[in-house]
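Chemist: My structure is in structure_11.cif, and what it holds is mmCIF, N, CA and C atoms:
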```cif
data_target
loop_
_atom_site.label_atom_id
_atom_site.label_comp_id
_atom_site.auth_asym_id
_atom_site.auth_seq_id
_atom_site.Cartn_x
_atom_site.Cartn_y
_atom_site.Cartn_z
N MET A 26 94.93 58.14 154.22
CA MET A 26 95.77 59.20 153.71
C MET A 26 97.14 59.09 154.37
N SER A 27 98.16 59.35 153.61
CA SER A 27 99.52 59.33 154.12
C SER A 27 99.73 60.47 155.09
N ASP A 28 100.60 60.26 156.09
CA ASP A 28 100.93 61.31 157.04
C ASP A 28 101.93 62.29 156.46
N GLU A 29 102.55 61.94 155.36
CA GLU A 29 103.57 62.80 154.76
C GLU A 29 102.91 63.88 153.92
N VAL A 30 103.22 65.12 154.22
CA VAL A 30 102.71 66.26 153.48
C VAL A 30 103.89 66.93 152.79
N LYS A 31 103.75 67.21 151.52
CA LYS A 31 104.81 67.81 150.75
C LYS A 31 104.54 69.30 150.62
N VAL A 32 105.45 70.13 151.11
CA VAL A 32 105.36 71.57 150.93
C VAL A 32 106.20 71.92 149.72
N LEU A 33 105.59 72.57 148.76
CA LEU A 33 106.28 72.85 147.50
C LEU A 33 107.15 74.09 147.61
N ASN A 34 108.38 73.97 147.12
CA ASN A 34 109.16 75.18 146.91
C ASN A 34 108.87 75.64 145.48
N GLU A 35 109.41 76.77 145.06
CA GLU A 35 109.07 77.30 143.74
C GLU A 35 109.42 76.35 142.61
N GLN A 36 110.59 75.72 142.66
CA GLN A 36 110.99 74.80 141.59
C GLN A 36 110.09 73.58 141.55
N GLU A 37 109.78 72.99 142.71
CA GLU A 37 108.90 71.83 142.75
C GLU A 37 107.50 72.18 142.24
N ALA A 38 107.02 73.36 142.61
CA ALA A 38 105.69 73.78 142.17
C ALA A 38 105.64 73.87 140.66
N ALA A 39 106.69 74.35 140.06
CA ALA A 39 106.73 74.47 138.60
C ALA A 39 106.83 73.11 137.93
N ASN A 40 107.32 72.10 138.65
CA ASN A 40 107.53 70.79 138.06
C ASN A 40 106.43 69.77 138.33
N VAL A 41 105.44 70.09 139.15
CA VAL A 41 104.42 69.11 139.50
C VAL A 41 103.80 68.52 138.24
N ALA A 42 103.34 69.38 137.34
CA ALA A 42 102.78 68.88 136.08
C ALA A 42 103.21 69.77 134.92
N GLY A 43 104.36 70.38 135.08
CA GLY A 43 104.87 71.24 134.03
C GLY A 43 104.21 72.60 133.98
N GLY A 44 103.39 72.94 134.98
CA GLY A 44 102.70 74.22 134.97
C GLY A 44 103.11 75.06 136.17
N ALA A 45 102.61 76.26 136.21
CA ALA A 45 102.91 77.14 137.33
C ALA A 45 102.02 76.79 138.51
N ALA A 46 102.53 77.01 139.70
CA ALA A 46 101.76 76.74 140.91
C ALA A 46 102.23 77.64 142.02
N HIS A 47 101.42 77.77 143.03
CA HIS A 47 101.82 78.56 144.19
C HIS A 47 102.76 77.74 145.05
N ALA A 48 103.86 78.33 145.45
CA ALA A 48 104.85 77.62 146.27
C ALA A 48 104.32 77.30 147.65
N ASN A 49 103.25 77.95 148.10
CA ASN A 49 102.70 77.67 149.42
C ASN A 49 101.77 76.47 149.44
N GLY A 50 101.39 75.97 148.27
CA GLY A 50 100.48 74.84 148.21
C GLY A 50 101.11 73.58 148.75
N GLN A 51 100.27 72.70 149.27
CA GLN A 51 100.73 71.41 149.77
C GLN A 51 99.93 70.33 149.06
N TYR A 52 100.59 69.23 148.73
CA TYR A 52 99.86 68.10 148.17
C TYR A 52 100.43 66.82 148.72
N TRP A 53 99.61 65.77 148.71
CA TRP A 53 100.05 64.46 149.16
C TRP A 53 99.16 63.41 148.54
N SER A 54 99.63 62.18 148.58
CA SER A 54 98.92 61.06 147.98
C SER A 54 98.72 59.98 149.01
N ASP A 55 97.62 59.25 148.88
CA ASP A 55 97.41 58.11 149.77
C ASP A 55 97.56 56.80 149.00
N GLY A 56 98.21 56.86 147.88
CA GLY A 56 98.43 55.67 147.05
C GLY A 56 97.53 55.67 145.82
N GLY A 57 96.28 56.12 145.97
CA GLY A 57 95.38 56.14 144.83
C GLY A 57 94.90 57.53 144.49
N ALA A 58 94.66 58.33 145.51
CA ALA A 58 94.15 59.68 145.32
C ALA A 58 95.21 60.70 145.70
N THR A 59 95.13 61.88 145.10
CA THR A 59 96.04 62.97 145.44
C THR A 59 95.20 64.12 145.97
N TYR A 60 95.67 64.72 147.07
CA TYR A 60 94.97 65.80 147.74
C TYR A 60 95.83 67.05 147.74
N TYR A 61 95.17 68.21 147.76
CA TYR A 61 95.86 69.48 147.71
C TYR A 61 95.23 70.44 148.71
N ARG A 62 96.04 71.12 149.51
CA ARG A 62 95.54 72.16 150.42
C ARG A 62 95.60 73.48 149.67
N ILE A 63 94.46 74.11 149.52
CA ILE A 63 94.35 75.34 148.75
C ILE A 63 95.11 76.46 149.45
N ALA A 64 95.98 77.12 148.69
CA ALA A 64 96.78 78.24 149.19
C ALA A 64 96.06 79.56 148.91
N PRO A 65 96.40 80.61 149.66
CA PRO A 65 95.84 81.93 149.35
C PRO A 65 96.14 82.30 147.89
N ASN A 66 95.19 82.92 147.25
CA ASN A 66 95.29 83.37 145.85
C ASN A 66 95.22 82.24 144.84
N ASP A 67 95.01 81.00 145.26
CA ASP A 67 94.77 79.91 144.31
C ASP A 67 93.39 80.07 143.70
N TYR A 68 93.24 79.56 142.52
CA TYR A 68 91.92 79.40 141.93
C TYR A 68 91.91 78.04 141.26
N LEU A 69 90.74 77.50 141.04
CA LEU A 69 90.64 76.11 140.58
C LEU A 69 91.33 75.89 139.24
N GLY A 70 91.34 76.90 138.38
CA GLY A 70 92.01 76.76 137.09
C GLY A 70 93.50 76.52 137.21
N ASN A 71 94.17 77.25 138.12
CA ASN A 71 95.62 77.04 138.24
C ASN A 71 95.93 75.73 138.96
N ILE A 72 95.07 75.34 139.89
CA ILE A 72 95.26 74.05 140.55
C ILE A 72 95.10 72.93 139.53
N ALA A 73 94.06 73.01 138.72
CA ALA A 73 93.82 72.00 137.69
C ALA A 73 95.00 71.91 136.73
N GLN A 74 95.51 73.05 136.30
CA GLN A 74 96.66 73.07 135.39
C GLN A 74 97.87 72.41 136.03
N MET A 75 98.09 72.70 137.30
CA MET A 75 99.24 72.15 138.01
C MET A 75 99.19 70.62 138.04
N PHE A 76 98.00 70.05 138.13
CA PHE A 76 97.87 68.60 138.23
C PHE A 76 97.42 67.95 136.92
N GLY A 77 97.41 68.71 135.84
CA GLY A 77 97.10 68.14 134.53
C GLY A 77 95.66 67.68 134.39
N THR A 78 94.72 68.43 134.94
CA THR A 78 93.31 68.06 134.86
C THR A 78 92.50 69.32 134.59
N SER A 79 91.19 69.25 134.76
CA SER A 79 90.34 70.42 134.53
C SER A 79 89.63 70.81 135.83
N PRO A 80 89.19 72.06 135.91
CA PRO A 80 88.43 72.48 137.09
C PRO A 80 87.17 71.63 137.29
N TYR A 81 86.51 71.25 136.20
CA TYR A 81 85.29 70.46 136.30
C TYR A 81 85.57 69.05 136.81
N ALA A 82 86.71 68.47 136.42
CA ALA A 82 87.08 67.15 136.92
C ALA A 82 87.34 67.20 138.43
N ILE A 83 88.00 68.26 138.88
CA ILE A 83 88.25 68.42 140.32
C ILE A 83 86.92 68.62 141.05
N GLN A 84 86.02 69.39 140.46
CA GLN A 84 84.71 69.60 141.08
C GLN A 84 83.97 68.27 141.25
N GLN A 85 84.05 67.40 140.26
CA GLN A 85 83.39 66.09 140.33
C GLN A 85 84.01 65.20 141.40
N LEU A 86 85.31 65.37 141.67
CA LEU A 86 85.97 64.59 142.72
C LEU A 86 85.63 65.10 144.12
N ASN A 87 85.02 66.27 144.20
CA ASN A 87 84.74 66.91 145.49
C ASN A 87 83.27 67.32 145.60
N PRO A 88 82.34 66.34 145.45
CA PRO A 88 80.93 66.71 145.53
C PRO A 88 80.62 67.23 146.93
N GLY A 89 79.85 68.28 146.98
CA GLY A 89 79.49 68.86 148.27
C GLY A 89 80.51 69.88 148.77
N LYS A 90 81.76 69.75 148.36
CA LYS A 90 82.79 70.70 148.81
C LYS A 90 82.96 71.83 147.81
N ILE A 91 82.91 71.51 146.51
CA ILE A 91 83.03 72.54 145.47
C ILE A 91 81.73 72.58 144.69
N LYS A 92 80.88 73.53 145.03
CA LYS A 92 79.59 73.67 144.35
C LYS A 92 79.71 74.60 143.15
N ASN A 93 80.65 75.54 143.22
CA ASN A 93 80.85 76.53 142.16
C ASN A 93 82.36 76.59 141.91
N ILE A 94 82.79 76.33 140.68
CA ILE A 94 84.23 76.28 140.41
C ILE A 94 84.92 77.63 140.59
N ASP A 95 84.13 78.70 140.71
CA ASP A 95 84.72 80.01 140.92
C ASP A 95 84.86 80.37 142.40
N VAL A 96 84.41 79.48 143.29
CA VAL A 96 84.45 79.77 144.72
C VAL A 96 85.14 78.63 145.47
N ILE A 97 86.39 78.86 145.88
CA ILE A 97 87.12 77.91 146.72
C ILE A 97 87.73 78.69 147.87
N ARG A 98 88.07 78.00 148.95
CA ARG A 98 88.59 78.69 150.14
C ARG A 98 90.00 78.23 150.48
N ALA A 99 90.86 79.19 150.73
CA ALA A 99 92.22 78.88 151.17
C ALA A 99 92.15 78.06 152.45
N GLY A 100 92.98 77.04 152.52
CA GLY A 100 93.02 76.17 153.68
C GLY A 100 92.22 74.89 153.50
N ASP A 101 91.22 74.90 152.61
CA ASP A 101 90.45 73.68 152.35
C ASP A 101 91.34 72.64 151.67
N VAL A 102 91.07 71.38 151.95
CA VAL A 102 91.77 70.28 151.30
C VAL A 102 90.81 69.68 150.28
N ILE A 103 91.29 69.56 149.03
CA ILE A 103 90.47 68.99 147.97
C ILE A 103 91.23 67.83 147.31
N ARG A 104 90.45 66.91 146.75
CA ARG A 104 91.04 65.84 145.96
C ARG A 104 91.26 66.35 144.55
N VAL A 105 92.46 66.13 144.00
CA VAL A 105 92.75 66.60 142.65
C VAL A 105 92.96 65.47 141.65
N ARG A 106 93.16 64.25 142.15
CA ARG A 106 93.30 63.07 141.27
C ARG A 106 92.68 61.88 141.95
#
```
What's the structure tokens form of this structure?

Modeler:
Amino acid sequence: MSDEVKVLNEQEAANVAGGAAHANGQYWSDGGATYYRIAPNDYLGNIAQMFGTSPYAIQQLNPGKIKNIDVIRAGDVIRVR
């Protein structure tokens, strides 16, 4: 994983994938995969929209970490791509 962490401002959050996102979220890439640190008040649907994917696709990328797409925890790091 890259040591560089991107903290989104409001404009960047809106531009990640053309959708709305929380400005407190952080994401980074290690060249092949993209990771996101869950911000307070995030839910998997808005994270999925921000990265142009579905909640179920993110769940499949995170076996053992996301057992229920309706239950995620702020501060956890998940793979989104």

Chemist: Mind giving me the straight-line distance from atom CA of A:Ile91 to atom CA of A:Tyr68 in Å, one decimal?

Modeler: 11.8 Å

Chemist: Could you please determine the separation between atom CA of A:Ala64 and atom N of A:Phe76 in Å, to one decimal place?

Modeler: 13.8 Å

Chemist: Please report the interatomic distance between atom N of A:Ser79 and atom C of A:Arg104 in Å with one decimal.

Modeler: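 Here the two named atoms are 10.2 Å from each other.
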
Chemist: So which one's closest to A:Thr78, A:Ile63, A:Ala99, A:Ala58, A:Val105? Using only N, CA and C atoms, please.

Modeler: A:Val105

Chemist: Pick from A:Ile94, A:Met75, A:Leu86, A:Leu69: nearest to A:Arg106, with only C-alpha atoms counted?

Modeler: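 Looking only at the distances to A:Arg106, the closest residue turns out to be A:Leu86.
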